[in-house]
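> Sharing a structure here in structure tokens format.
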Amino acid sequence: MKHFFTSGQLRFIAITIVCMVMSYAGMGQKIFTPASNNNIAGGSTYCQNVTASVLTYTYNTCNTGSGSSVGTFITIKWYKNSVNSTTGGTLVSTTIVRSALTATGSSNYQPSTSVVGTLYYYCIITWTDAGTCNPSGSVTSTTVAVTVNTTPDVITGSTTGCVGTSSTLYNTVPGGTWSSSSTSIATISASGSVNAVAAGSTTITYAIGSCRSTTPFTVVSTPAAITGTNTVCENAVTLFNTSNTGGTWTSANAAVATVDASSPVNVTGVSAGTTTISYVISPTCYATRSVTVNTAPATITGASAACTGTTTSLANTVAG
């Protein structure tokens with residue numbers, strides 16, 4: 001026996017099928033999808049190998065449907081580029097997450113600072129889920145620049161000078177700029193030549209962009225003269241002294257005379273000759289005094305007694 005449906009029954013069946021299809025398609029959900037760019041931030045200038053701040057891309061969302069909220073699965077890709085463009089970059093990061101369920105969502109990426117130069121970073125988000133409010137399937141950020149400067153090396157060279165003298169400081173990394181925090185104490189040229197102006201201290205800086213290396217530089221007054229007897233016999237000691245402090249005593253020829261670390265300094269005659277004793281505060285700041293070492297006389301020979309009115313001879317093997 002054939003069964004025929006009435007028009008009302010057929011309408012009910014059709015509505016039921018549509019509702020089932022709609023439910024299956026997720027129409028009972030509120031689906032969130034990226035909609036447009038909001039902001040990309042975090043670009044800055046850094047010194048090489050210093051930890052950079054995180055880059056943050058913020059995107060706006062839209063939603064469609066009603067019911068429980070769910071985010072579309074999105075693929076987030078970060079790129080770096082040597083030119084300021086959002087095409088042709090090198091992929092540096094890929095993550096797959098669900099879209100944010102709020103008005104905006106975000107993605108973070110921390111750039112490397114190991115390579116000197118400027119790179120432009122951007123983010124592209126794509127998705128393929130059906131039923132979204134943004135059928136374009138992708139949003140692309142603008143670019144943000146991250147600049148990495150070379151970090152200067154440690155400054156080398158003498159960091160003490162006498163008033164009126166010049167010395168040179170060095171840095172192995174080229175392209176930097178020298179400066180002095182107090183030019184009334186010392187000035188420094190583009191080549192690193194320091195001119196000591198007045199007694200005191202200043203800070204010398206070598207900078208490449210925002211990256212810098214510093215060192216204190218001390219200017220002292222011209223050393224006072226060295227005092228003391230400047231002749232001594234072999235194996236004997238004479239004292240040299242100075243009112244200066246912070247320096248080191250040296251002998252130009254330790255085979256003639258030696259010095260110790262005391263102050264006043266003990267100058268010991270070693271062998272006949274002349275040498276220079278110096279009190280050195282820095283390579284350009286020192287005082288000097290010569291010392292002559294005489295040969296020690298030998299033992300006197302001859303009669304050690306004589307009668308009144310007689311003559312006797314004494315002798316020494318060392319001439320002079």
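Each chain in the structure tokens gets a letter, A, B, ..., in the order shown, and its residues are numbered from 1; ligands are numbered from 1 in order too.
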Tell me, counting only C-alpha atoms, for each residue of segment 212-276 of chain A within 12 Å of segment 183-204 of chain A, which pair of atoms is nearest and how far apart they are in Å to one decimal, in rows ordered by chain and increasing number, as a tab-separated table.

residue	atom	partner	partner_atom	distance
A:Arg212	CA	A:Ile204	CA	10.2
A:Ser213	CA	A:Ile204	CA	8.4
A:Thr214	CA	A:Ile204	CA	5.6
A:Thr215	CA	A:Ile204	CA	5.4
A:Pro216	CA	A:Thr203	CA	4.5
A:Phe217	CA	A:Thr202	CA	5.3
A:Thr218	CA	A:Ser201	CA	4.4
A:Val219	CA	A:Ala199	CA	4.7
A:Val220	CA	A:Ala199	CA	4.7
A:Ser221	CA	A:Ala199	CA	5.7
A:Thr222	CA	A:Ala199	CA	9.2
A:Pro223	CA	A:Ala199	CA	11.7
> What residues in segment 18-205 of chain A get the DSSP label alpha helix (DSSP H)? Please answer as a list in words.
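The residues of segment 18-205 of chain A classed as alpha helix (DSSP H) are Val18, Cys19, Met20, Val21, Met22, Ser23 and Tyr24 of chain A.
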> Output the selection as a PDB file, in the first residue's frame - N, CA and C atoms for each residue.

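File produced: part23.pdb:
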ATOM      1  N   VAL A  18      16.439  20.905   7.167  1.00  0.00           N
ATOM      2  CA  VAL A  18      17.220  22.147   7.146  1.00  0.00           C
ATOM      3  C   VAL A  18      17.826  22.436   8.511  1.00  0.00           C
ATOM      4  N   CYS A  19      17.028  22.225   9.539  1.00  0.00           N
ATOM      5  CA  CYS A  19      17.537  22.492  10.891  1.00  0.00           C
ATOM      6  C   CYS A  19      18.679  21.548  11.251  1.00  0.00           C
ATOM      7  N   MET A  20      18.535  20.289  10.818  1.00  0.00           N
ATOM      8  CA  MET A  20      19.612  19.335  11.077  1.00  0.00           C
ATOM      9  C   MET A  20      20.893  19.739  10.357  1.00  0.00           C
ATOM     10  N   VAL A  21      20.731  20.177   9.099  1.00  0.00           N
ATOM     11  CA  VAL A  21      21.896  20.608   8.339  1.00  0.00           C
ATOM     12  C   VAL A  21      22.557  21.835   8.967  1.00  0.00           C
ATOM     13  N   MET A  22      21.715  22.770   9.363  1.00  0.00           N
ATOM     14  CA  MET A  22      22.245  23.989   9.978  1.00  0.00           C
ATOM     15  C   MET A  22      22.970  23.681  11.283  1.00  0.00           C
ATOM     16  N   SER A  23      22.403  22.765  12.055  1.00  0.00           N
ATOM     17  CA  SER A  23      23.043  22.389  13.310  1.00  0.00           C
ATOM     18  C   SER A  23      24.367  21.700  13.043  1.00  0.00           C
ATOM     19  N   TYR A  24      24.385  20.848  12.033  1.00  0.00           N
ATOM     20  CA  TYR A  24      25.605  20.137  11.678  1.00  0.00           C
ATOM     21  C   TYR A  24      26.686  21.095  11.191  1.00  0.00           C
TER      22      TYR A  24
END
> Considering only C-alpha atoms, state which residue in the set A:Thr147, A:Thr113, A:Ser141, A:Ser181 is at the smallest distance from Ser210 of chain A.
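Among the listed residues, A:Thr147 lies closest to Ser210 of chain A.
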> Would you compute the distance between atom CA of Cys233 of chain A and atom CA of Val270 of chain A? Give it in Å to one decimal.
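It comes out at 8.2 Å.
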> List the neighbours of Pro34 of chain A out to 9 Å using only C-alpha atoms; skip same-chain residues closer than 6 positions along the sequence, and give me the result as a list in words.
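Counting only the stated atoms, we get Tyr59, Asn60, Thr61, Cys62, Asn63, Thr72, Ile74, Ser99, Ala100, Thr104, Gly105, Ile125, Thr126, Trp127, Cys133, Asn134, Gly137, Ser138 and Val139 of chain A.
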> Looking at only C-alpha atoms, which of A:Gly209, A:Gly175, A:Gly228, A:Pro283 is the one that sits closest to Phe240 of chain A?
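Among the listed residues, A:Gly228 lies closest to Phe240 of chain A.
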> Residues near Ser112 of chain A, anyone? I mean within 8 Å using only C-alpha atoms, not counting same-chain ones fewer than 4 positions away, as a PyMOL selection string.
chain A and resi 49+51-52
> Using N, CA, C and O atoms, can you export the residues from the last selection as a PDB file, in the first residue's frame?

ATOM      1  N   ASN A  49      73.605  41.061  20.116  1.00  0.00           N
ATOM      2  CA  ASN A  49      73.522  39.986  21.107  1.00  0.00           C
ATOM      3  C   ASN A  49      72.884  40.407  22.425  1.00  0.00           C
ATOM      4  O   ASN A  49      72.975  39.675  23.424  1.00  0.00           O
ATOM      5  N   THR A  51      69.310  40.984  24.382  1.00  0.00           N
ATOM      6  CA  THR A  51      67.957  40.453  24.238  1.00  0.00           C
ATOM      7  C   THR A  51      66.991  41.541  23.786  1.00  0.00           C
ATOM      8  O   THR A  51      66.890  42.601  24.407  1.00  0.00           O
ATOM      9  N   ALA A  52      66.271  41.269  22.702  1.00  0.00           N
ATOM     10  CA  ALA A  52      65.323  42.236  22.156  1.00  0.00           C
ATOM     11  C   ALA A  52      63.958  42.077  22.810  1.00  0.00           C
ATOM     12  O   ALA A  52      63.610  41.005  23.318  1.00  0.00           O
TER      13      ALA A  52
END
> Residues of segment 68-223 of chain A classed as strand (DSSP E or B) by DSSP on the backbone are to be reported as a PyMOL selection string.
chain A and resi 68-71+73-81+90-98+104-109+117-126+138-140+144-149+156+160-162+166-168+170+177-180+186-188+193-196+200-208+211-220
> Between atom CA of Ile226 of chain A and atom CA of Asn241 of chain A, measure the distance and give it in Å to one decimal.
5.6 Å
> Tell me which of A:Ser290, A:Thr94, A:Thr86, A:Thr156 sits closest to Asn108 of chain A, counting only C-alpha atoms.
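When distances to Asn108 of chain A are compared using only C-alpha atoms, the smallest one comes from A:Thr94.
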> Rounded to one decimal place, report the atom CA of Val265 of chain A-atom CA of Ser278 of chain A distance in Å.
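Answer for the atom CA of Val265 of chain A to atom CA of Ser278 of chain A separation: 10.6 Å.
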